[in-house]
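These notes concern the structure reproduced below.
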Protein chains: 4
Amino acid sequence: MLHFDSDYMETAHPSILEKFISINFEKNSSYGFDVYSDSAAEKIRKECNCKNALVKFLVGGTQTNKVAIDALIDSYEAVIAASSGHIAAHEAGAIEACGHKVITLEGEHGKLKAETLERYMETFLADETCEHMAQPAVVYISYPTEYGTVYSKDELTCLKNACEKYSLKLYIDGARLGYGLACEGCDVCLSFLASVADAFYIGGTKVGAMIGEALVIPEPSEVKKLFTQMKRHGAVLAKGWIAGVQFDTLFTDGLYFEIAKNAVDTAMYMRDGLKRLSYEFYLDSPTNQQFIIVSDEKLDYIKDKVGYSFWEKTKDGNNVIRLVTSWATEKSQVDELLNLLK
Amino acid sequence: MLHFDSDYMETAHPSILEKFISINFEKNSSYGFDVYSDSAAEKIRKECNCKNALVKFLVGGTQTNKVAIDALIDSYEAVIAASSGHIAAHEAGAIEACGHKVITLEGEHGKLKAETLERYMETFLADETCEHMAQPAVVYISYPTEYGTVYSKDELTCLKNACEKYSLKLYIDGARLGYGLACEGCDVCLSFLASVADAFYIGGTKVGAMIGEALVIPEPSEVKKLFTQMKRHGAVLAKGWIAGVQFDTLFTDGLYFEIAKNAVDTAMYMRDGLKRLSYEFYLDSPTNQQFIIVSDEKLDYIKDKVGYSFWEKTKDGNNVIRLVTSWATEKSQVDELLNLLK
Amino acid sequence: MLHFDSDYMETAHPSILEKFISINFEKNSSYGFDVYSDSAAEKIRKECNCKNALVKFLVGGTQTNKVAIDALIDSYEAVIAASSGHIAAHEAGAIEACGHKVITLEGEHGKLKAETLERYMETFLADETCEHMAQPAVVYISYPTEYGTVYSKDELTCLKNACEKYSLKLYIDGARLGYGLACEGCDVCLSFLASVADAFYIGGTKVGAMIGEALVIPEPSEVKKLFTQMKRHGAVLAKGWIAGVQFDTLFTDGLYFEIAKNAVDTAMYMRDGLKRLSYEFYLDSPTNQQFIIVSDEKLDYIKDKVGYSFWEKTKDGNNVIRLVTSWATEKSQVDELLNLLK
Amino acid sequence: MLHFDSDYMETAHPSILEKFISINFEKNSSYGFDVYSDSAAEKIRKECNCKNALVKFLVGGTQTNKVAIDALIDSYEAVIAASSGHIAAHEAGAIEACGHKVITLEGEHGKLKAETLERYMETFLADETCEHMAQPAVVYISYPTEYGTVYSKDELTCLKNACEKYSLKLYIDGARLGYGLACEGCDVCLSFLASVADAFYIGGTKVGAMIGEALVIPEPSEVKKLFTQMKRHGAVLAKGWIAGVQFDTLFTDGLYFEIAKNAVDTAMYMRDGLKRLSYEFYLDSPTNQQFIIVSDEKLDYIKDKVGYSFWEKTKDGNNVIRLVTSWATEKSQVDELLNLLK
C-alpha cells in the first residue's frame with residue numbers, strides 16, 4: 001500500500017537514530033539542561049538571528065501551542081485564530097482547558113488576513129460592552145496553514161502591524177515550518193519569523209524528528225518562569241536531550257531545510273502529475289499538502305491501495321482528499337500514485 | 001431623563017422589601033437551608049410540576065450559567081450555543097474559565113434551530129477526527145433570547161428531540177423567563193420547560209427581585225454534589241434566605257407572572273406606538289425588548305433625554321437601538337417616550 | 001431558641017432596608033457604575049487614606065477571595081495560607097478551581113507567623129528543584145482569623161516585611177474585619193491595613209449588610225481589567241447598587257464601626273460571664289467568636305435551647321464549641337445564655 | 001565523573017534503538033493506533049492478567065499523573081496523597097492546574113498508611129461542614145515511593161479496602177515500577193497491582209525506555225473518552241508507535257523485569273558496601289534509590305567526582321544525599337564510588 005496520509009508516518013531521519021546509538025550510554029543532565037539541548041538551542045538562535053532567544057524543546061504541537069499561549073497571556077485573556085486553525089478545530093479544547101477563549105475569525109484558505117483582524121478589533125473596541133467579553137490578547141496563525149498555504153512577507157508584516165496597533169501578541173504554529181520555508185516563492189526565513197512573532201515553534205515531529213518541537217521566544221522577557229509553566233502542563237521531558245539531540249542533528253549543516261525540500265519537491269512533482277491527469281485542485285498549495293477532488297468511483301478504486309485523508313464532500317457529490325508527502329517520500333512512490341490515479 | 005436602557009434598573013418589587021423589613025431580626029439558618037428558601041423551592045417545584053426537582057438560589061446569570069453548565073458536563077465536554085448566546089458573547093469567557101469550549105452555531109434572531117443543531121452533529125459524528133475535538137455535551141439556549149424572541153412549544157420539542165438523538169443535554173438560560181412566558185402567543189409554561197430541560201433557571205434580577213436566580217434541576221440525579229460545586233464557584237450565599245425570601249414572595253399568588261405581564265404589556269403598547277410613528281423594527285419581538293432603527297439625527301436628539309442600548313449600525317448608516325420595559329414601567333413613561341420619538 | 005451559631009443570621013441593619021425603600025423606584029446604572037457604589041467607594045477610599053484605591057463590591061467571601069487572588073497572581077503561581085485559613089479549609093477548592101495551589105503552613109491559633117513564612121521561603125529557595133514546584137506569589141491571611149484572633153500592628157509589619165523580602169504579595173480576608181478593628185487592644189485601622197495589603201476586603205455580610213463585600217486594591221495597577229475578571233468569575237452584580245447602597249450606608253457616620261463594636265462588647269460580656277462560670281476557653285479571642293470547652297452532659301442539656309457551632313472533640317472527650325455574637329446581639333440574650341450554661 | 005544522580009541519564013536500552021533502526025522507514029498509523037502500540041498493549045494486558053484493560057502510552061510522569069487523575073475524578077473532586085507524593089511536591093501544581101485540590105496526609109517514609117487515610121476520612125465525614133470542602137475522590141500513591149520504599153501486598157490490600165470503604169479510587173504512580181517489583185521481599189506483581197488500582201502506570205522513562213509511560217486502566221469503564229482527554233492535555237503522541245515500540249520491546253521476553261533487576265542488584269551491592277564503610281542510612285530502602293548521611297567534608301571531597309542528589313540537612317548539620325542506580329549501572333561503577341567514599 002502507498003501512503004500519502006500524513007507527514008508523520010516514518011520514525012526519524014537516519015542520522016538521528018545513528019546519533020542516539022553513538023551516545024547511548026553517555027550520562028546526561030536531566031530536564032533539558034544537557035549539552036545537546038544547549039547546542040541545538042544555540043544553533044537555532046543563530047539561524048533566527050536572535051542572540052537572547054529562549055529555546056525550549058517540547059513534545060507535540062498541541063502541547064506546545066498550549067504551553068506557549070498560556071505563557072504569553074493572562075488567565076482572562078483570549079486568543080484569536082482563523083476558524084480552521086488547529087487550536088480552534090482539532091485540539092480537543094486544549095486552550096479552553098487553560099481557561100482561555102478561542103475567538104475564531106473567518107480565514108481564507110486557512111490564512112487570517114490583517115484586514116479581518118483589524119475589522120474585528122475595531123468592532124470589539126467600539127462595543128460599549130467590550131469589558132463584558134473575553135479580552136483578545138494574542139493572535140494564532142499556522143505557517144504553513146492547515147491547508148498547506150503560506151503567508152508572504154508582506155502579509156506577515158501587515159498582520160504584525162495590526163497586532164501592534166491593538167496590543168496583540170503574535171504566535172506562529174510551525175508544526176510544518178520546514179515545508180513552508182522550503183516552498184517556491186517563499187520570501188521569509190527563520191530570522192524574519194523571529195522578528196515578527198512573540199513566540200513560534202519549529203516543528204520536528206513532521207519534519208524528520210522522532211518527536212519534538214522547538215519553542216522559540218525571541219524576547220525572553222515575554223514569558224515568566226517558562227520551565228515551571230512547562231512542568232505544570234506536564235511538558236517537561238525528564239530526558240530533555242531526547243529532543244535536544246534531534247534538533248541538534250537537524251540544525252547541523254542545514255539538514256532540516258534539506259529534508260524539508262524533498263517533501264516540497266516530491267509534492268510539486270505530484271502536483272504537476274495530477275494536473276497532467278486533469279485533476280481539479282481544491283485550492284492552490286505550494287507545500288507538501290495537496291488537496292484534489294476525486295469522484296466516488298476513483299476513491300473506491302484507490303481506497304485499498306493508497307493512504308490519504310478524506311477532507312470533505314463537494315457540493316456536487318465529489319470528494320476532496322488530501323495527499324501529503326514528507327521528508328522521506330521518494331519520487332518512485334509518487335509515480336506509483338500517479339499511475340493508480342490515471 | 002427617561003429610562004428604557006434595561007430591565008434591571010429598579011431595586012425590587014415593594015412587597016419584597018416589605019417582607020425583608022418584617023423578618024429583619026429573625027435568625028435564619030445559613031447557606032440556603034432556611035424556611036424561606038425551602039418554601040420558595042417548594043412553590044417552584046409545584047409550578048414546574050416536578051416533585052423532586054433540585055432548586056437552588058444563586059446570584060446573577062453568568063454565575064448560574066457557569067455553575068449549571070459545569071455541573072451538567074464533564075471537564076472535557078463542550079457546550080453548543082447560538083453565536084448570539086449570552087455565554088458565547090457577553091460572559092467574558094466564564095464557561096471557558098471552567099475549561100469548556102463554547103461551540104457556536106448560527107442562530108436566527110437569537111434562536112438556535114433544531115435543524116442547525118442536527119446538521120452540526122451529523123457533520124461532527126461523520127468526521128473521522130472527531131475524537132480530536134471538544135465533545136459537545138449540552139445545548140444552551142436562552143428563553144427569551146438576547147433578541148427578545150421566544151421558542152414555540154414545537155420548536156422546543158424539536159430541539160429536545162435533537163438533543164436526545166445525539167445524547168446532548170438541554171440547558172435554558174431564563175434570565176428574562178417571566179417576560180417570555182407572559183408574551184402573547186406563548187404556548188409554553190414552567191412545567192413544559194421543566195419537562196424538556198435538564199436544567200434551567202428562573203431569572204429574578206430582571207423580573208422584580210433585588211437579586212437572585214432560581215436554578216431548577218428537574219431530575220436531581222443529573223448533577224452531583226451541587227452545593228459543593230456552587231461553593232467552589234463562589235456561588236453559595238451565606239445568607240441564603242436573601243434570595244429565598246424574594247422567590248418565595250414572587251411565587252406567592254402568581255406575583256412573578258403578574259409583574260412580568262406589565263413589562264410585556266407596556267412593551268406592546270410601545271411597539272404599537274412606534275409602529276404608528278412608522279419606525280422600522282430590526283426584528284419582531286413579542287417580549288419586553290424592542291429593537292428599532294433610528295437615524296443619526298433622531299439619536300442625537302434623544303440621547304440626553306432617553307436611556308437606551310445602542311445595538312449596531314445598519315448597512316445604510318442608521319442605528320439599531322434597543323428599548324426595554326420592565327415590571328416597573330408605567331404607560332405614562334412610554335407615552336413620554338413616544339412623544340420624544342415623534 | 002437562643003442563637004449564637006454565627007454572625008450572619010439576621011437580615012440587615014435597619015437603616016439599610018430603610019434606604020432601599022427610599023430609593024426603590026429610582027433607576028440606577030448597572031454593573032456597579034451607579035452613584036451609590038461611587039459614593040461608597042469614595043468613603044472607603046477616605047477611610048483607607050488611599051486616594052486611588054480601586055474599590056469593587058462583590059457578594060460573599062469565597063467569591064471575593066477567588067477573584068482577588070486570581071487577579072493578583074499568574075496562572076502558575078500559588079498562594080500561601082495557614083492550614084486553618086478559610087481558602088485552605090472551607091472553600092471547596094475554589095482557589096484550585098482557578099488553577100492555583102494553596103500551600104499550607106502551620107498557624108498559631110489561626111495566625112500565620114512571619115517566622116514561619118520566612119522559614120518556608122528559605123527552604124523553598126534553597127531547594128535545587130524549586131523550579132519544579134508551584135511558585136509562591138501571594139500570602140493569604142484572615143483578619144480576624146477563623147479563631148477570632150487578631151494580628152497586632154507589629155505582627156502585620158513583620159509579615160509585610162517578610163512578603164517584600166521574598167517578592168510576595170499580601171492579601172487580607174476581612175470577612176469579619178469590623179469585629180477585628182473593634183476589639184480591645186487592636187492597634188491597627190483601615191488605613192494601616194491598606195498600607196500593608198496589596199488587596200483586602202471589608203466584610204459586609206457578617207457585619208450588618210444583607211450581602212456584600214468591598215474589595216479594596218490600594219494600588220490599582222496591581223491588577224489588570226478587574227471588571228472583566230470579575231465577570232469571568234460570575235462576580236459582577238447587574239444591580240451593583242444593591243451592594244453599593246449597603247456600604248454607602250455602613251460607611252456613613254461610622255455605622256460599620258459602631259455596630260461592629262456591639263458584637264465585640266456583647267462577646268466580652270459573654271466571655272466574662274463564662275469565666276465567672278469557670279468555663280475553660282479553647283483559646284483567647286478578643287473578638288466576637290468565643291471558643292469554650294463543655295462536657296457532653298452540658299452539651300446535651302443545651303442542644304435544643306442554644307444554637308452554637310461544634311468545633312472538635314478535646315483529647316479527654318469534652319467538646320470545643322464556638323459561640324458567636326453579631327452586630328444585632330443584645331445583652332439580654334447573653335444573660336439568657338449564661339443562665340442556661342450555669 | 002561518576003553518576004548516581006538519577007535513573008534517567010542514559011538514552012535507552014540498546015535493543016530499543018536497534019528496533020527503531022530496523023523499522024525506520026516503515027509507515028505507521030498515527031495517534032497510537034499502530035501495530036506496535038497494539039502489540040505492546042496486548043503484552044501488558046497479559047502481564048496484568050486484565051483482558052479488557054485500556055492501555056495508553058504517554059510521555060512523562062507528570063503528564064500521565066495529570067491525565068489519569070483528571071480522567072478518574074470530577075472537576076470538583078480532590079486527590080489525597082502523602083505530603084511527599086510527587087504530585088504534591090514536585091509537579092508545579094499540575095493537578096491544581098486541572099482544578100483539583102491535592103489533600104496531603106502525613107506519610108511514613110513516603111508511604112501512605114491505610115490508618116492515616118481512614119482517620120482522615122472519618123474526620124472529614126464527621127465534619128458538619130464537609131460539603132464546604134473539596135471532596136476526596138481518589139488516593140494517589142507511588143510505587144516505589146519517592147524514598148525508594150515499597151508497599152507490601154498486605155499494605156496495599158488494606159489501602160484498597162480503605163478506599164472501597166469510603167468510595168475512593170486508587171491510583172498508583174509507577175514511574176519506577178520495575179525497580180519496586182524487582183526488589184527483594186517484594187510480594188506483589190503487575191497482576192496484583194491491576195487488581196487493586198483503578199489506574200496505574202508502568203514507568204518507561206526511568207526503566208530502559210527513551211521516553212514513555214504505559215497508563216493502564218484495568219476496567220475501561222472507569223474513564224470516558226480517554227483519547228480526547230489526552231488530546232486536551234496535549235498528551236497524544238502523533239507518532240504513537242515511538243512509545244509503543246519501546247514498551248513492545250521492554251515487554252518481550254521479560255526485558256523490563258530483567259533490566260530493572262540490574263538496578264536493584266547494583267543498589268544492594270552499593271548498600272552493602274556503604275554499610276561496610278559504616279555509612280548511616282537516612283532510611284531503609286530496598287530499591288534503586290539509597291539515602292545516606294555524609295559529612296560536609298566528605299561531600300566537599302566527592303562533589304566534583306560523583307553526581308548525586310542533595311536531599312536535606314540533618315539536625316546535626318550533616319547531609320542526606322541520594323544515590324541512584326539504573327538499568328545501566330555497572331558494578332565497577334559502584335566499586336569506584338565506594339572507593340571514593342572510603
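Ordering of the C-alpha cells sets the chain letters (A, B, ...), residue numbers begin anew at 1 in every chain, and ligands are numbered from 1 in the order given.
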TODO: Write out as a list in words the residues lying within 9 Å of A:Glu146, counting only C-alpha atoms and excluding same-chain residues fewer than 3 positions away.
DONE: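 These residues fall inside the cut-off: Ser84, Gly85, His86, His109, Gly110, Lys111, Ser142, Tyr143, Thr149 and Gln289 of chain A.
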Open item on the list: List as a list in words the protein and nucleic acid residues near stretch 246-263 of chain D, meaning an atom at most 6 Å away when only C-alpha atoms are counted, but skip any in the same chain fewer than 4 places from it.
Closed with: Ile16, Ala40, Gly178, Tyr179, Ala182, Asn288, Thr325, Ser326 and Trp327 of chain D
TODO: Specify as a list of chain:residue names all residues of chain C found within 9 Å of chain A, counting only C-alpha atoms.
DONE: C:Asp70, C:Ala71, C:Asp74, C:Ser75, C:Tyr76, C:Cys98, C:Gly99, C:Cys130, C:Glu131, C:His132, C:Met133, C:Ala134, C:Gln135, C:Lys225, C:Phe227, C:Thr228, C:Gln229, C:Lys231, C:Arg232
Keeping N, CA, C and O atoms, export the residues of the selection given above as a PDB file, in the first residue's frame.
```pdb
ATOM      1  N   ASP C  70      -6.929  35.379  42.247  1.00  0.00           N
ATOM      2  CA  ASP C  70      -6.696  35.081  40.835  1.00  0.00           C
ATOM      3  C   ASP C  70      -6.234  36.326  40.070  1.00  0.00           C
ATOM      4  O   ASP C  70      -5.455  36.216  39.118  1.00  0.00           O
ATOM      5  N   ALA C  71      -6.694  37.493  40.506  1.00  0.00           N
ATOM      6  CA  ALA C  71      -6.278  38.730  39.826  1.00  0.00           C
ATOM      7  C   ALA C  71      -4.870  39.145  40.239  1.00  0.00           C
ATOM      8  O   ALA C  71      -4.144  39.764  39.468  1.00  0.00           O
ATOM      9  N   ASP C  74      -0.262  35.134  38.742  1.00  0.00           N
ATOM     10  CA  ASP C  74      -0.312  34.484  37.440  1.00  0.00           C
ATOM     11  C   ASP C  74      -0.812  33.044  37.583  1.00  0.00           C
ATOM     12  O   ASP C  74      -0.794  32.475  38.667  1.00  0.00           O
ATOM     13  N   SER C  75      -1.198  32.481  36.457  1.00  0.00           N
ATOM     14  CA  SER C  75      -1.850  31.172  36.495  1.00  0.00           C
ATOM     15  C   SER C  75      -1.016  30.101  37.189  1.00  0.00           C
ATOM     16  O   SER C  75      -1.558  29.228  37.854  1.00  0.00           O
ATOM     17  N   TYR C  76       0.295  30.142  37.046  1.00  0.00           N
ATOM     18  CA  TYR C  76       1.144  29.079  37.596  1.00  0.00           C
ATOM     19  C   TYR C  76       1.609  29.395  39.009  1.00  0.00           C
ATOM     20  O   TYR C  76       2.406  28.647  39.579  1.00  0.00           O
ATOM     21  N   CYS C  98      -9.300  27.746  40.111  1.00  0.00           N
ATOM     22  CA  CYS C  98      -8.667  28.742  39.227  1.00  0.00           C
ATOM     23  C   CYS C  98      -7.275  28.291  38.805  1.00  0.00           C
ATOM     24  O   CYS C  98      -6.563  29.040  38.133  1.00  0.00           O
ATOM     25  N   GLY C  99      -6.865  27.102  39.239  1.00  0.00           N
ATOM     26  CA  GLY C  99      -5.573  26.582  38.824  1.00  0.00           C
ATOM     27  C   GLY C  99      -4.426  26.842  39.778  1.00  0.00           C
ATOM     28  O   GLY C  99      -3.280  26.467  39.487  1.00  0.00           O
ATOM     29  N   CYS C 130      13.363  23.811  43.095  1.00  0.00           N
ATOM     30  CA  CYS C 130      12.207  24.691  43.328  1.00  0.00           C
ATOM     31  C   CYS C 130      11.517  25.125  42.036  1.00  0.00           C
ATOM     32  O   CYS C 130      10.344  25.485  42.064  1.00  0.00           O
ATOM     33  N   GLU C 131      12.213  25.040  40.925  1.00  0.00           N
ATOM     34  CA  GLU C 131      11.540  25.338  39.647  1.00  0.00           C
ATOM     35  C   GLU C 131      10.485  24.281  39.298  1.00  0.00           C
ATOM     36  O   GLU C 131       9.655  24.506  38.430  1.00  0.00           O
ATOM     37  N   HIS C 132      10.568  23.111  39.947  1.00  0.00           N
ATOM     38  CA  HIS C 132       9.602  22.036  39.712  1.00  0.00           C
ATOM     39  C   HIS C 132       8.363  22.192  40.589  1.00  0.00           C
ATOM     40  O   HIS C 132       7.506  21.313  40.622  1.00  0.00           O
ATOM     41  N   MET C 133       8.329  23.271  41.367  1.00  0.00           N
ATOM     42  CA  MET C 133       7.226  23.431  42.322  1.00  0.00           C
ATOM     43  C   MET C 133       6.360  24.622  41.938  1.00  0.00           C
ATOM     44  O   MET C 133       6.810  25.545  41.260  1.00  0.00           O
ATOM     45  N   ALA C 134       5.116  24.601  42.422  1.00  0.00           N
ATOM     46  CA  ALA C 134       4.249  25.764  42.264  1.00  0.00           C
ATOM     47  C   ALA C 134       4.946  26.939  42.944  1.00  0.00           C
ATOM     48  O   ALA C 134       5.508  26.796  44.039  1.00  0.00           O
ATOM     49  N   GLN C 135       4.914  28.092  42.300  1.00  0.00           N
ATOM     50  CA  GLN C 135       5.684  29.243  42.751  1.00  0.00           C
ATOM     51  C   GLN C 135       4.870  30.132  43.696  1.00  0.00           C
ATOM     52  O   GLN C 135       3.912  30.775  43.275  1.00  0.00           O
ATOM     53  N   LYS C 225      -7.654  44.862  34.397  1.00  0.00           N
ATOM     54  CA  LYS C 225      -9.015  44.602  33.903  1.00  0.00           C
ATOM     55  C   LYS C 225      -9.857  43.841  34.926  1.00  0.00           C
ATOM     56  O   LYS C 225     -10.426  42.777  34.620  1.00  0.00           O
ATOM     57  N   PHE C 227     -12.735  44.409  36.220  1.00  0.00           N
ATOM     58  CA  PHE C 227     -14.148  44.207  35.902  1.00  0.00           C
ATOM     59  C   PHE C 227     -14.326  42.937  35.059  1.00  0.00           C
ATOM     60  O   PHE C 227     -15.169  42.091  35.348  1.00  0.00           O
ATOM     61  N   THR C 228     -13.519  42.815  34.015  1.00  0.00           N
ATOM     62  CA  THR C 228     -13.620  41.637  33.153  1.00  0.00           C
ATOM     63  C   THR C 228     -13.312  40.360  33.945  1.00  0.00           C
ATOM     64  O   THR C 228     -13.977  39.335  33.778  1.00  0.00           O
ATOM     65  N   GLN C 229     -12.332  40.435  34.802  1.00  0.00           N
ATOM     66  CA  GLN C 229     -12.007  39.255  35.600  1.00  0.00           C
ATOM     67  C   GLN C 229     -13.168  38.883  36.529  1.00  0.00           C
ATOM     68  O   GLN C 229     -13.469  37.709  36.723  1.00  0.00           O
ATOM     69  N   LYS C 231     -16.324  39.503  35.979  1.00  0.00           N
ATOM     70  CA  LYS C 231     -17.373  38.956  35.115  1.00  0.00           C
ATOM     71  C   LYS C 231     -17.077  37.490  34.797  1.00  0.00           C
ATOM     72  O   LYS C 231     -17.963  36.640  34.851  1.00  0.00           O
ATOM     73  N   ARG C 232     -15.832  37.222  34.467  1.00  0.00           N
ATOM     74  CA  ARG C 232     -15.421  35.857  34.133  1.00  0.00           C
ATOM     75  C   ARG C 232     -15.664  34.889  35.299  1.00  0.00           C
ATOM     76  O   ARG C 232     -15.922  33.707  35.105  1.00  0.00           O
TER      77      ARG C 232
END
```
- [ ] Figure out the distance between atom CA of C:Val59 and atom CA of B:Lys43, please, to one decimal in Å.
- [x]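 Pair atom CA of B:Lys43 / atom CA of C:Val59 returns 25.7 Å.
You will find atom CA of A:Gly180 at 12.2 Å from atom CA of A:Ala267.
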Task: Contacts of stretch 47-52 of chain A at 9 Å (only C-alpha atoms; same-chain gap of 3+ positions) as a list of chain:residue names - done: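 That gives A:Glu42, A:Lys43, A:Ile44, A:Cys189, A:Leu190, A:Ser191, A:Phe192, A:Leu193, A:Ala194, A:Ser195, A:Ile217, A:Pro218, A:Glu219, A:Pro220, A:Phe251.
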Task: Who sits within 8 Å of B:Leu177, only C-alpha atoms, same chain under 5 positions skipped, as a ChimeraX atom specification - done: /B:143-144,202-203
Open item on the list: Give me, as a PyMOL selection string, all polymer residues having an atom no more than 6 Å from B:Glu96, counting only C-alpha atoms and skipping those fewer than 4 positions away in the same chain.
Closed with: (chain A and resi 96+99-101) or (chain B and resi 100-101)
Open item on the list: Env of C:Phe310: 12 Å cut, atoms = only C-alpha atoms, seq-sep filter 3 positions within chain, self excluded. Answer as an MDAnalysis selection string.
Closed with: (chainID C and resid 4:6 290:294 296 299 303 306:307 313:314 318:324) or (chainID D and resid 126:129)
